[in-house]
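Novice: Sending over my_file.cif (mmCIF, C-alpha atoms and all ligand atoms).
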```
data_input
#
loop_
_atom_site.label_atom_id
_atom_site.label_comp_id
_atom_site.auth_asym_id
_atom_site.auth_seq_id
_atom_site.Cartn_x
_atom_site.Cartn_y
_atom_site.Cartn_z
CA MET A 92 -12.13 -15.38 16.34
CA THR A 93 -8.55 -14.47 17.30
CA TYR A 94 -5.47 -14.07 15.12
CA GLN A 95 -2.06 -14.95 16.43
CA SER A 96 0.71 -12.48 15.75
CA HIS A 97 3.97 -13.79 17.16
CA GLN A 98 3.51 -13.76 20.94
CA ARG A 99 0.40 -11.58 21.06
CA HIS A 100 -3.22 -12.44 20.31
CA PHE A 101 -5.45 -9.84 18.72
CA SER A 102 -9.19 -10.11 18.42
CA ARG A 103 -10.71 -9.53 14.98
CA GLY A 104 -12.04 -6.09 15.97
CA GLU A 105 -8.62 -4.89 17.06
CA LEU A 106 -7.11 -5.12 13.59
CA PRO A 107 -5.79 -2.85 12.31
CA SER A 108 -7.25 0.31 13.84
CA GLN A 109 -6.03 -0.24 17.39
CA VAL A 110 -2.70 -1.80 16.46
CA SER A 111 -0.39 0.15 14.19
CA PHE A 112 0.53 -1.85 11.08
CA PRO A 113 4.27 -2.28 11.74
CA ALA A 114 3.62 -3.27 15.36
CA TYR A 115 1.00 -5.80 14.37
CA LEU A 116 3.26 -7.15 11.65
CA TYR A 117 6.49 -7.27 13.64
CA PRO A 118 5.60 -6.78 17.29
CA SER A 119 8.96 -8.11 18.42
CA GLY A 120 11.40 -5.95 16.52
CA SER A 121 12.46 -5.12 12.98
CA TYR A 122 10.22 -2.97 10.86
CA ALA A 123 12.54 -3.37 7.87
CA LEU A 124 10.31 -5.77 5.93
CA ASP A 125 7.33 -3.50 6.28
CA GLY A 126 9.43 -0.82 4.55
CA ILE A 127 10.43 -3.25 1.80
CA ALA A 128 6.81 -4.30 1.30
CA THR A 129 5.61 -0.76 0.94
CA ARG A 130 8.42 0.27 -1.37
CA ALA A 131 8.36 -2.86 -3.54
CA GLY A 132 4.60 -2.68 -4.02
CA GLY A 133 4.54 1.06 -4.47
CA LEU A 134 7.51 1.15 -6.85
CA GLY A 135 6.17 -1.78 -8.87
CA VAL A 136 2.85 -0.10 -9.46
CA VAL A 137 4.45 3.29 -10.16
CA PHE A 138 6.88 1.67 -12.62
CA ALA A 139 4.03 -0.09 -14.39
CA LEU A 140 1.93 3.04 -14.60
CA ALA A 141 4.85 5.10 -15.91
CA LEU A 142 5.58 2.46 -18.53
CA ASN A 143 1.88 2.39 -19.35
CA ALA A 144 1.77 6.13 -19.98
CA ALA A 145 4.94 6.09 -22.09
CA TRP A 146 3.87 3.09 -24.14
CA THR A 147 0.35 4.33 -24.75
CA TRP A 148 1.66 7.72 -25.81
CA ARG A 149 4.24 6.33 -28.25
CA ASN A 150 2.70 3.11 -29.51
CA GLY A 151 -0.93 2.71 -28.48
CA PHE A 152 -0.53 -0.75 -26.87
CA PRO A 153 -1.60 -0.21 -23.25
CA GLN A 154 -2.28 -3.92 -22.61
CA LEU A 155 1.44 -4.66 -22.10
CA PRO A 156 2.08 -2.16 -19.30
CA LEU A 157 -1.32 -3.07 -17.86
CA PHE A 158 -0.07 -6.67 -17.68
CA VAL A 159 3.04 -5.47 -15.76
CA ALA A 160 0.77 -3.48 -13.43
CA CYS A 161 -1.42 -6.58 -12.81
CA LEU A 162 1.69 -8.66 -12.08
CA ALA A 163 3.05 -6.05 -9.62
CA PHE A 164 -0.36 -5.76 -7.95
CA PHE A 165 -0.72 -9.56 -7.68
CA HIS A 166 2.63 -9.98 -5.88
CA PHE A 167 2.00 -6.98 -3.65
CA MET A 168 -1.39 -8.39 -2.61
CA GLU A 169 0.16 -11.80 -1.85
CA PHE A 170 2.30 -10.13 0.81
CA TRP A 171 -0.22 -7.60 2.02
CA ILE A 172 -3.10 -10.05 2.58
CA THR A 173 -0.75 -12.55 4.24
CA ALA A 174 0.57 -9.85 6.60
CA ARG A 175 -2.95 -8.63 7.37
CA TYR A 176 -4.81 -11.94 7.86
CA ASN A 177 -2.08 -14.55 8.41
CA THR A 178 0.46 -12.47 10.28
CA ARG A 179 2.85 -15.19 11.42
CA ARG A 180 3.52 -16.00 7.73
CA GLY A 181 3.89 -12.32 6.77
CA LYS A 182 7.53 -12.59 5.80
CA VAL A 183 9.27 -11.45 2.65
CA GLU A 184 8.71 -14.94 1.08
CA ALA A 185 4.99 -14.11 1.07
CA PHE A 186 5.59 -11.95 -2.02
CA ILE A 187 6.22 -15.32 -3.76
CA LEU A 188 8.79 -13.65 -5.98
CA THR A 189 11.65 -16.03 -5.32
CA SER A 190 9.99 -19.42 -4.77
CA ASN A 191 8.30 -19.92 -8.15
CA GLY A 192 11.14 -21.56 -10.03
CA ALA A 193 12.35 -21.09 -13.57
CA ALA A 194 9.04 -22.05 -15.23
CA TYR A 195 7.32 -19.01 -13.74
CA ASN A 196 9.96 -16.58 -15.00
CA ILE A 197 10.12 -18.26 -18.43
CA ALA A 198 6.30 -18.06 -18.71
CA HIS A 199 6.19 -14.32 -17.99
CA ALA A 200 9.21 -13.55 -20.19
CA SER A 201 7.53 -15.54 -23.00
CA ALA A 202 4.33 -13.53 -22.54
CA ILE A 203 6.21 -10.24 -22.95
CA ILE A 204 8.20 -11.54 -25.96
CA GLU A 205 5.05 -12.87 -27.67
CA ALA A 206 3.24 -9.57 -27.07
CA LEU A 207 6.10 -7.52 -28.54
CA VAL A 208 6.75 -9.79 -31.55
CA GLU A 209 3.07 -9.98 -32.49
CA TYR A 210 2.62 -6.27 -31.94
CA TYR A 211 5.42 -5.68 -34.44
CA PHE A 212 4.28 -8.20 -37.10
CA PHE A 213 0.48 -8.41 -36.52
CA PRO A 214 -0.57 -5.17 -34.82
CA GLN A 215 -4.25 -5.92 -35.55
CA LEU A 216 -4.02 -8.80 -32.98
CA LYS A 217 -3.30 -6.19 -30.33
CA ALA A 218 -6.19 -3.83 -31.03
CA LEU A 219 -8.24 -2.87 -27.99
CA ASN A 220 -11.53 -4.78 -28.40
CA TRP A 221 -13.91 -7.19 -26.65
CA VAL A 222 -11.14 -9.81 -26.29
CA THR A 223 -9.15 -7.31 -24.19
CA LEU A 224 -12.24 -6.74 -22.02
CA VAL A 225 -12.86 -10.49 -21.57
CA GLY A 226 -9.22 -10.85 -20.47
CA LEU A 227 -9.49 -7.93 -18.05
CA PHE A 228 -12.72 -9.38 -16.64
CA LEU A 229 -10.97 -12.73 -15.98
CA VAL A 230 -8.05 -10.92 -14.33
CA ILE A 231 -10.40 -9.04 -11.99
CA ILE A 232 -12.43 -12.17 -11.13
CA GLY A 233 -9.24 -14.18 -10.56
CA GLN A 234 -7.55 -11.54 -8.39
CA THR A 235 -10.73 -11.07 -6.32
CA ALA A 236 -11.16 -14.83 -5.74
CA ARG A 237 -7.49 -15.23 -4.78
CA THR A 238 -7.56 -12.30 -2.36
CA LEU A 239 -10.84 -13.43 -0.74
CA ALA A 240 -9.50 -16.98 -0.39
CA MET A 241 -6.43 -15.73 1.49
CA LYS A 242 -8.59 -13.46 3.65
CA HIS A 243 -11.22 -16.09 4.51
CA ALA A 244 -8.72 -18.92 5.13
CA GLY A 245 -6.62 -16.61 7.38
CA SER A 246 -4.07 -18.53 9.41
CA ASN A 247 -5.15 -21.80 7.70
CA PHE A 248 -3.64 -20.59 4.42
CA SER A 249 -0.02 -21.29 3.52
CA HIS A 250 1.83 -20.82 0.24
CA TYR A 251 2.84 -24.49 0.27
CA VAL A 252 0.95 -27.75 0.87
CA VAL A 253 1.12 -28.70 4.54
CA THR A 254 1.79 -32.43 4.89
CA GLU A 255 1.40 -32.67 8.70
CA LYS A 256 -1.55 -31.13 10.48
CA GLU A 257 -0.45 -28.02 12.39
CA ALA A 258 -1.88 -26.99 15.77
CA GLY A 259 -4.90 -24.76 15.20
CA HIS A 260 -5.41 -25.82 11.56
CA ARG A 261 -9.17 -26.06 10.97
CA LEU A 262 -11.20 -26.83 7.87
CA VAL A 263 -12.50 -23.58 6.34
CA THR A 264 -15.90 -24.02 4.67
CA GLU A 265 -17.31 -20.51 4.97
CA GLY A 266 -16.95 -17.33 2.93
CA ILE A 267 -15.72 -18.02 -0.59
CA TYR A 268 -14.88 -21.60 0.54
CA ALA A 269 -18.64 -22.27 0.79
CA TRP A 270 -18.76 -22.32 -3.04
CA LEU A 271 -15.22 -22.99 -4.16
CA ARG A 272 -13.05 -25.72 -2.65
CA HIS A 273 -9.79 -24.22 -3.98
CA PRO A 274 -10.57 -20.54 -4.52
CA SER A 275 -6.94 -19.40 -4.50
CA TYR A 276 -6.11 -21.92 -7.27
CA PHE A 277 -9.30 -21.01 -9.16
CA GLY A 278 -8.28 -17.35 -8.79
CA TYR A 279 -4.71 -17.83 -9.94
CA TYR A 280 -5.75 -20.01 -12.90
CA TRP A 281 -8.23 -17.51 -14.32
CA TRP A 282 -6.04 -14.51 -13.43
CA ALA A 283 -3.08 -15.97 -15.35
CA VAL A 284 -5.09 -17.10 -18.39
CA GLY A 285 -6.92 -13.75 -18.31
CA THR A 286 -3.62 -11.80 -18.52
CA GLN A 287 -2.80 -13.60 -21.77
CA VAL A 288 -6.28 -13.09 -23.23
CA MET A 289 -6.00 -9.39 -22.29
CA LEU A 290 -2.63 -9.21 -24.08
CA GLY A 291 -4.12 -10.88 -27.17
CA ASN A 292 -1.42 -13.60 -26.89
CA PRO A 293 -2.94 -16.78 -28.45
CA ILE A 294 0.16 -18.95 -27.92
CA CYS A 295 0.71 -18.03 -24.27
CA ALA A 296 -3.05 -18.14 -23.53
CA LEU A 297 -3.14 -21.80 -24.62
CA GLY A 298 0.27 -22.53 -23.07
CA PHE A 299 -0.67 -20.99 -19.68
CA ALA A 300 -4.06 -22.79 -19.68
CA ALA A 301 -2.44 -26.18 -20.41
CA PHE A 302 0.57 -25.81 -18.09
CA LEU A 303 -1.47 -24.47 -15.17
CA TRP A 304 -4.12 -27.15 -15.69
CA MET A 305 -1.47 -29.86 -15.28
CA PHE A 306 0.06 -28.07 -12.29
CA PHE A 307 -3.23 -27.56 -10.42
CA SER A 308 -4.56 -31.00 -11.33
CA ASN A 309 -1.56 -32.59 -9.54
CA ARG A 310 -1.57 -30.04 -6.73
CA VAL A 311 -5.27 -30.49 -5.91
CA LYS A 312 -4.90 -34.29 -5.87
CA HIS A 313 -1.87 -34.11 -3.54
CA GLU A 314 -3.42 -31.45 -1.26
CA GLU A 315 -6.75 -33.27 -0.97
CA GLU A 316 -5.04 -36.54 0.03
CA HIS A 317 -3.62 -34.67 3.05
CA LEU A 318 -6.83 -32.77 3.78
CA MET A 319 -8.78 -36.07 3.81
CA GLY A 320 -6.34 -37.33 6.46
CA PHE A 321 -6.57 -34.11 8.53
CA PHE A 322 -10.36 -33.65 8.54
CA ARG A 323 -13.05 -36.39 8.62
CA GLU A 324 -15.63 -33.92 7.28
CA TYR A 325 -13.53 -33.17 4.17
CA SER A 326 -15.19 -35.84 1.98
CA ASP A 327 -18.66 -34.32 2.63
CA TYR A 328 -17.32 -30.84 1.93
CA ARG A 329 -15.72 -32.18 -1.25
CA LYS A 330 -19.09 -33.46 -2.50
CA ARG A 331 -20.90 -30.14 -2.04
CA SER A 332 -18.20 -27.75 -3.35
CA TRP A 333 -16.79 -26.90 -6.76
CA VAL A 334 -13.23 -26.34 -8.06
CA GLY A 335 -14.04 -24.10 -11.03
CA ILE A 336 -11.02 -25.11 -13.13
CA PRO A 337 -12.28 -27.14 -16.13
CA PHE A 338 -12.12 -30.94 -15.63
CA ILE A 339 -10.52 -30.78 -12.17
CA GLY A 340 -12.37 -32.24 -9.18
C1 LIG A 401 -1.84 -22.54 -1.08
S1 LIG A 401 -3.06 -22.93 0.17
C2 LIG A 401 -4.42 -23.25 -0.94
C3 LIG A 401 -5.70 -23.42 -0.26
C4 LIG A 401 -6.83 -23.87 -1.20
N1 LIG A 401 -6.44 -25.03 -1.96
C5 LIG A 401 -7.23 -22.74 -2.13
O1 LIG A 401 -7.00 -22.87 -3.33
O2 LIG A 401 -7.77 -21.73 -1.65
C6 LIG A 401 -2.58 -24.57 0.62
C7 LIG A 401 -2.87 -24.94 2.07
O3 LIG A 401 -4.21 -24.70 2.39
C8 LIG A 401 -4.74 -25.75 3.18
N2 LIG A 401 -6.16 -25.85 2.86
C9 LIG A 401 -6.70 -26.08 1.64
N3 LIG A 401 -8.05 -26.05 1.70
C10 LIG A 401 -8.35 -25.80 2.99
C11 LIG A 401 -9.56 -25.61 3.70
N4 LIG A 401 -10.75 -25.69 3.08
N5 LIG A 401 -9.50 -25.36 5.03
C12 LIG A 401 -8.32 -25.27 5.66
N6 LIG A 401 -7.13 -25.41 5.05
C13 LIG A 401 -7.14 -25.67 3.74
C14 LIG A 401 -3.98 -26.99 2.80
O4 LIG A 401 -3.79 -27.84 3.90
C15 LIG A 401 -2.64 -26.43 2.30
O5 LIG A 401 -1.64 -26.58 3.25
#
```
For this file, write the structure as structure tokens.

Specialist:
Amino acid sequence: MTYQSHQRHFSRGELPSQVSFPAYLYPSGSYALDGIATRAGGLGVVFALALNAAWTWRNGFPQLPLFVACLAFFHFMEFWITARYNTRRGKVEAFILTSNGAAYNIAHASAIIEALVEYYFFPQLKALNWVTLVGLFLVIIGQTARTLAMKHAGSNFSHYVVTEKEAGHRLVTEGIYAWLRHPSYFGYYWWAVGTQVMLGNPICALGFAAFLWMFFSNRVKHEEEHLMGFFREYSDYRKRSWVGIPFIG
């Protein structure tokens, strides 16, 4: 299997040990984005951990800074895995920080507001207990599925739905795609709901589950219409694979 990186082709075994990361990411010039990636990811995680320490020390509510750490890690991984396995799309947009629209920002702001308000009025809701662990478990499962999906789909993955078949686009049915038909959507769904369970946020947990269900229900339908047109074997693959988001597929 070969991966295309701008003008050069690298074989699977060459990455990344024989090609230095900046050169493999931007063989033709600027290394600036690599610097931004490293700093944004690094600073995000450091910020979250510092907040975590401060909050735990003063208030004993580590779930909130842990949520910020999970969010920083999620966006960092979106870029990093794209740059590593889908190099031609390894641009700053791959952080998916700017393309999510208002709903995404409102959802995360609401999660933080709900966590703080409930912590103030109903601190017992925010106790560390089995609910926190269930949430953390969902976050880990979701992040792992999402990362594996992006790795296994490689250059066939894009952060948007492709409506015209691109040269070299092939149907991926191996790796995590052998079990899950939409592992990155499965991963994001359970990651996002899991963050709210971990925070002990009943309103946002239900809100995220409902909103994301509607979003992915439409997205899967739209994406599969195109995939059916691109690949004759898609309907067979559809029959033997699973979506893993309740009542979708
Ligand atoms: C954001 S990615 C999501 C991929 C997949 N739905 C998932 O959840 O892992 C969207 C792009 O992946 C492509 N895609 C989806 N499933 C695919 C598969 N099994 N093989 C190759 N490309 C796929 C679609 O054409 C679309 O342009």

Novice: Compute the set of protein, DNA and RNA residues whose minimum atom distance to ligand LIG 401 (chain A) is at most 10 Å, using all atoms listed in the file, and state it as a PDB file with C-alpha atoms, keeping the file's coordinate frame.

Specialist:
```
ATOM      1  CA  ALA A 236     -11.160 -14.830  -5.740  1.00  0.00           C
ATOM      2  CA  ARG A 237      -7.490 -15.230  -4.780  1.00  0.00           C
ATOM      3  CA  THR A 238      -7.560 -12.300  -2.360  1.00  0.00           C
ATOM      4  CA  LEU A 239     -10.840 -13.430  -0.740  1.00  0.00           C
ATOM      5  CA  ALA A 240      -9.500 -16.980  -0.390  1.00  0.00           C
ATOM      6  CA  MET A 241      -6.430 -15.730   1.490  1.00  0.00           C
ATOM      7  CA  LYS A 242      -8.590 -13.460   3.650  1.00  0.00           C
ATOM      8  CA  HIS A 243     -11.220 -16.090   4.510  1.00  0.00           C
ATOM      9  CA  ALA A 244      -8.720 -18.920   5.130  1.00  0.00           C
ATOM     10  CA  GLY A 245      -6.620 -16.610   7.380  1.00  0.00           C
ATOM     11  CA  SER A 246      -4.070 -18.530   9.410  1.00  0.00           C
ATOM     12  CA  ASN A 247      -5.150 -21.800   7.700  1.00  0.00           C
ATOM     13  CA  PHE A 248      -3.640 -20.590   4.420  1.00  0.00           C
ATOM     14  CA  SER A 249      -0.020 -21.290   3.520  1.00  0.00           C
ATOM     15  CA  HIS A 250       1.830 -20.820   0.240  1.00  0.00           C
ATOM     16  CA  TYR A 251       2.840 -24.490   0.270  1.00  0.00           C
ATOM     17  CA  VAL A 252       0.950 -27.750   0.870  1.00  0.00           C
ATOM     18  CA  VAL A 253       1.120 -28.700   4.540  1.00  0.00           C
ATOM     19  CA  THR A 254       1.790 -32.430   4.890  1.00  0.00           C
ATOM     20  CA  GLU A 255       1.400 -32.670   8.700  1.00  0.00           C
ATOM     21  CA  LYS A 256      -1.550 -31.130  10.480  1.00  0.00           C
ATOM     22  CA  GLU A 257      -0.450 -28.020  12.390  1.00  0.00           C
ATOM     23  CA  HIS A 260      -5.410 -25.820  11.560  1.00  0.00           C
ATOM     24  CA  ARG A 261      -9.170 -26.060  10.970  1.00  0.00           C
ATOM     25  CA  LEU A 262     -11.200 -26.830   7.870  1.00  0.00           C
ATOM     26  CA  VAL A 263     -12.500 -23.580   6.340  1.00  0.00           C
ATOM     27  CA  THR A 264     -15.900 -24.020   4.670  1.00  0.00           C
ATOM     28  CA  GLU A 265     -17.310 -20.510   4.970  1.00  0.00           C
ATOM     29  CA  ILE A 267     -15.720 -18.020  -0.590  1.00  0.00           C
ATOM     30  CA  TYR A 268     -14.880 -21.600   0.540  1.00  0.00           C
ATOM     31  CA  ALA A 269     -18.640 -22.270   0.790  1.00  0.00           C
ATOM     32  CA  LEU A 271     -15.220 -22.990  -4.160  1.00  0.00           C
ATOM     33  CA  ARG A 272     -13.050 -25.720  -2.650  1.00  0.00           C
ATOM     34  CA  HIS A 273      -9.790 -24.220  -3.980  1.00  0.00           C
ATOM     35  CA  PRO A 274     -10.570 -20.540  -4.520  1.00  0.00           C
ATOM     36  CA  SER A 275      -6.940 -19.400  -4.500  1.00  0.00           C
ATOM     37  CA  TYR A 276      -6.110 -21.920  -7.270  1.00  0.00           C
ATOM     38  CA  PHE A 277      -9.300 -21.010  -9.160  1.00  0.00           C
ATOM     39  CA  GLY A 278      -8.280 -17.350  -8.790  1.00  0.00           C
ATOM     40  CA  TYR A 279      -4.710 -17.830  -9.940  1.00  0.00           C
ATOM     41  CA  PHE A 307      -3.230 -27.560 -10.420  1.00  0.00           C
ATOM     42  CA  ARG A 310      -1.570 -30.040  -6.730  1.00  0.00           C
ATOM     43  CA  VAL A 311      -5.270 -30.490  -5.910  1.00  0.00           C
ATOM     44  CA  HIS A 313      -1.870 -34.110  -3.540  1.00  0.00           C
ATOM     45  CA  GLU A 314      -3.420 -31.450  -1.260  1.00  0.00           C
ATOM     46  CA  GLU A 315      -6.750 -33.270  -0.970  1.00  0.00           C
ATOM     47  CA  GLU A 316      -5.040 -36.540   0.030  1.00  0.00           C
ATOM     48  CA  HIS A 317      -3.620 -34.670   3.050  1.00  0.00           C
ATOM     49  CA  LEU A 318      -6.830 -32.770   3.780  1.00  0.00           C
ATOM     50  CA  MET A 319      -8.780 -36.070   3.810  1.00  0.00           C
ATOM     51  CA  PHE A 321      -6.570 -34.110   8.530  1.00  0.00           C
ATOM     52  CA  PHE A 322     -10.360 -33.650   8.540  1.00  0.00           C
ATOM     53  CA  TYR A 325     -13.530 -33.170   4.170  1.00  0.00           C
ATOM     54  CA  TYR A 328     -17.320 -30.840   1.930  1.00  0.00           C
ATOM     55  CA  ARG A 329     -15.720 -32.180  -1.250  1.00  0.00           C
ATOM     56  CA  VAL A 334     -13.230 -26.340  -8.060  1.00  0.00           C
TER      57      VAL A 334
END
```

Novice: Applying 10 Å and all atoms listed in the file, which residues near A:Ser201 remain after dropping the ones on its own chain fewer than 6 positions away? List them as a list of chain:residue names.

Specialist: A:Tyr195, A:Leu207, A:Asn292, A:Ile294, A:Cys295

Novice: Extract, using all atoms listed in the file, all DNA, RNA and protein residues at most 12 Å from A:Ile203, discarding same-chain residues fewer than 2 positions from it, and format them as a PDB file with C-alpha atoms, in the frame of the given file.

Specialist:
```pdb
ATOM      1  CA  GLN A 154      -2.280  -3.920 -22.610  1.00  0.00           C
ATOM      2  CA  LEU A 155       1.440  -4.660 -22.100  1.00  0.00           C
ATOM      3  CA  PRO A 156       2.080  -2.160 -19.300  1.00  0.00           C
ATOM      4  CA  LEU A 157      -1.320  -3.070 -17.860  1.00  0.00           C
ATOM      5  CA  PHE A 158      -0.070  -6.670 -17.680  1.00  0.00           C
ATOM      6  CA  VAL A 159       3.040  -5.470 -15.760  1.00  0.00           C
ATOM      7  CA  LEU A 162       1.690  -8.660 -12.080  1.00  0.00           C
ATOM      8  CA  ASN A 196       9.960 -16.580 -15.000  1.00  0.00           C
ATOM      9  CA  ILE A 197      10.120 -18.260 -18.430  1.00  0.00           C
ATOM     10  CA  ALA A 198       6.300 -18.060 -18.710  1.00  0.00           C
ATOM     11  CA  HIS A 199       6.190 -14.320 -17.990  1.00  0.00           C
ATOM     12  CA  ALA A 200       9.210 -13.550 -20.190  1.00  0.00           C
ATOM     13  CA  SER A 201       7.530 -15.540 -23.000  1.00  0.00           C
ATOM     14  CA  GLU A 205       5.050 -12.870 -27.670  1.00  0.00           C
ATOM     15  CA  ALA A 206       3.240  -9.570 -27.070  1.00  0.00           C
ATOM     16  CA  LEU A 207       6.100  -7.520 -28.540  1.00  0.00           C
ATOM     17  CA  VAL A 208       6.750  -9.790 -31.550  1.00  0.00           C
ATOM     18  CA  GLU A 209       3.070  -9.980 -32.490  1.00  0.00           C
ATOM     19  CA  TYR A 210       2.620  -6.270 -31.940  1.00  0.00           C
ATOM     20  CA  THR A 286      -3.620 -11.800 -18.520  1.00  0.00           C
ATOM     21  CA  GLN A 287      -2.800 -13.600 -21.770  1.00  0.00           C
ATOM     22  CA  LEU A 290      -2.630  -9.210 -24.080  1.00  0.00           C
ATOM     23  CA  GLY A 291      -4.120 -10.880 -27.170  1.00  0.00           C
ATOM     24  CA  ASN A 292      -1.420 -13.600 -26.890  1.00  0.00           C
ATOM     25  CA  ILE A 294       0.160 -18.950 -27.920  1.00  0.00           C
ATOM     26  CA  CYS A 295       0.710 -18.030 -24.270  1.00  0.00           C
TER      27      CYS A 295
END
```

Novice: Quick one: residues within 10 Å of A:Trp221, all atoms listed in the file counted, chain neighbours fewer than 5 positions away excluded, as a JSON list (two decimals) with C-alpha atoms, in the frame of the given file?

Specialist:
```
[["chain", "number", "residue", "atom", "x", "y", "z"],
["A", 226, "GLY", "CA", -9.22, -10.85, -20.47],
["A", 227, "LEU", "CA", -9.49, -7.93, -18.05],
["A", 289, "MET", "CA", -6.00, -9.39, -22.29]]
```

Novice: What's the separation between atom CA of A:Ala258 and atom CA of A:Ser308, in Å to one decimal place?

Specialist: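 About the pair atom CA of A:Ala258 and atom CA of A:Ser308: they are 27.5 Å apart.
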
Novice: Could you tell me how far atom CA of A:Pro293 lies from atom CA of A:Ile204, in Å and to one decimal?

Specialist: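 Separating atom CA of A:Pro293 from atom CA of A:Ile204 is a distance of 12.6 Å.
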
Novice: Please list as a PyMOL selection string every residue within 12 Å of A:Ala141, counting only C-alpha atoms and excluding residues in the same chain fewer than 5 positions away.

Specialist: chain A and resi 134-136+146-148+153+156-157+159-160

Novice: I'd like the interatomic distance between atom CA of A:Leu229 and atom CA of A:Gly285, to a tenth of an Å.

Specialist: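 About the pair atom CA of A:Leu229 and atom CA of A:Gly285: they are 4.8 Å apart.
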
Novice: Taking 3 positions as the minimum chain separation for residues in the same chain, which residues sit within 8 Å of A:Ala300 when counting all atoms listed in the file? Answer as number ranges by chain.

Specialist: A: 280, 284, 296-297, 303-304

Novice: Of the candidates A:Phe152, A:Ala218, A:Ala202, A:Ala131, which shows the shortest atom-to-atom distance to A:Val183, using all atoms listed in the file?

Specialist: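 Counting all atoms listed in the file, the residue closest to A:Val183 is A:Ala131.
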
Novice: May I have the centre and edge lengths, in Å to one decimal, of an axis-aligned box around the listed atoms of stretch 325-336 of chain A with 4 Å added to every side, as JSON?

Specialist:
```
{"center_x": -16.0, "center_y": -30.0, "center_z": -4.5, "size_x": 17.9, "size_y": 19.7, "size_z": 25.3}
```

Novice: Hey, which of A:Arg175, A:Cys161, A:Arg331, A:Ala145 ends up closest to A:Ile231? Count only C-alpha atoms.

Specialist: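 Selected residue with least distance to A:Ile231: A:Cys161.
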
Novice: Which one is closest to A:Ala194: A:Phe167, A:Phe302, A:Trp333, A:Trp281? Count only C-alpha atoms.

Specialist: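 Nearest candidate to A:Ala194 out of A:Phe167, A:Phe302, A:Trp333, A:Trp281: A:Phe302.
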
Novice: So which one's closest to A:Thr223, A:Gly340, A:Val288, A:Ile187, A:Thr178? Using all atoms listed in the file, please.

Specialist: A:Val288

Novice: Taking into account all atoms listed in the file, which residue in the set A:Ile172, A:Ala301, A:Arg179, A:Ser190 is nearest to A:Ala283?

Specialist: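 Once distances to A:Ala283 are computed over all atoms listed in the file, the minimum belongs to A:Ala301.
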
Novice: Since the input lacks atoms, please generate N, CA and C atoms for stretch 294-305 of chain A and provide them as a compact mmCIF listing (two decimals), keeping the file's coordinate frame.

Specialist:
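The file below, result_32.txt, is the result:
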```txt
# COMPACT_ATOMS: atom_id res chain seq x y z
N ILE A 294 -0.73 -17.83 -28.27
CA ILE A 294 0.16 -18.95 -27.92
C ILE A 294 0.28 -19.08 -26.40
N CYS A 295 0.56 -17.96 -25.74
CA CYS A 295 0.71 -18.03 -24.27
C CYS A 295 -0.63 -18.30 -23.59
N ALA A 296 -1.75 -17.84 -24.16
CA ALA A 296 -3.05 -18.14 -23.53
C ALA A 296 -3.25 -19.66 -23.47
N LEU A 297 -2.98 -20.33 -24.60
CA LEU A 297 -3.14 -21.80 -24.62
C LEU A 297 -2.07 -22.47 -23.75
N GLY A 298 -0.84 -21.96 -23.85
CA GLY A 298 0.27 -22.53 -23.07
C GLY A 298 0.01 -22.40 -21.57
N PHE A 299 -0.39 -21.21 -21.12
CA PHE A 299 -0.67 -20.99 -19.68
C PHE A 299 -1.81 -21.90 -19.24
N ALA A 300 -2.90 -21.98 -20.07
CA ALA A 300 -4.06 -22.79 -19.68
C ALA A 300 -3.64 -24.25 -19.52
N ALA A 301 -2.83 -24.76 -20.46
CA ALA A 301 -2.44 -26.18 -20.41
C ALA A 301 -1.47 -26.45 -19.26
N PHE A 302 -0.45 -25.59 -19.13
CA PHE A 302 0.57 -25.81 -18.09
C PHE A 302 -0.06 -25.71 -16.70
N LEU A 303 -0.87 -24.66 -16.49
CA LEU A 303 -1.47 -24.47 -15.17
C LEU A 303 -2.50 -25.56 -14.87
N TRP A 304 -3.17 -26.06 -15.92
CA TRP A 304 -4.12 -27.15 -15.69
C TRP A 304 -3.38 -28.37 -15.13
N MET A 305 -2.23 -28.69 -15.76
CA MET A 305 -1.47 -29.86 -15.28
C MET A 305 -0.97 -29.62 -13.85
```
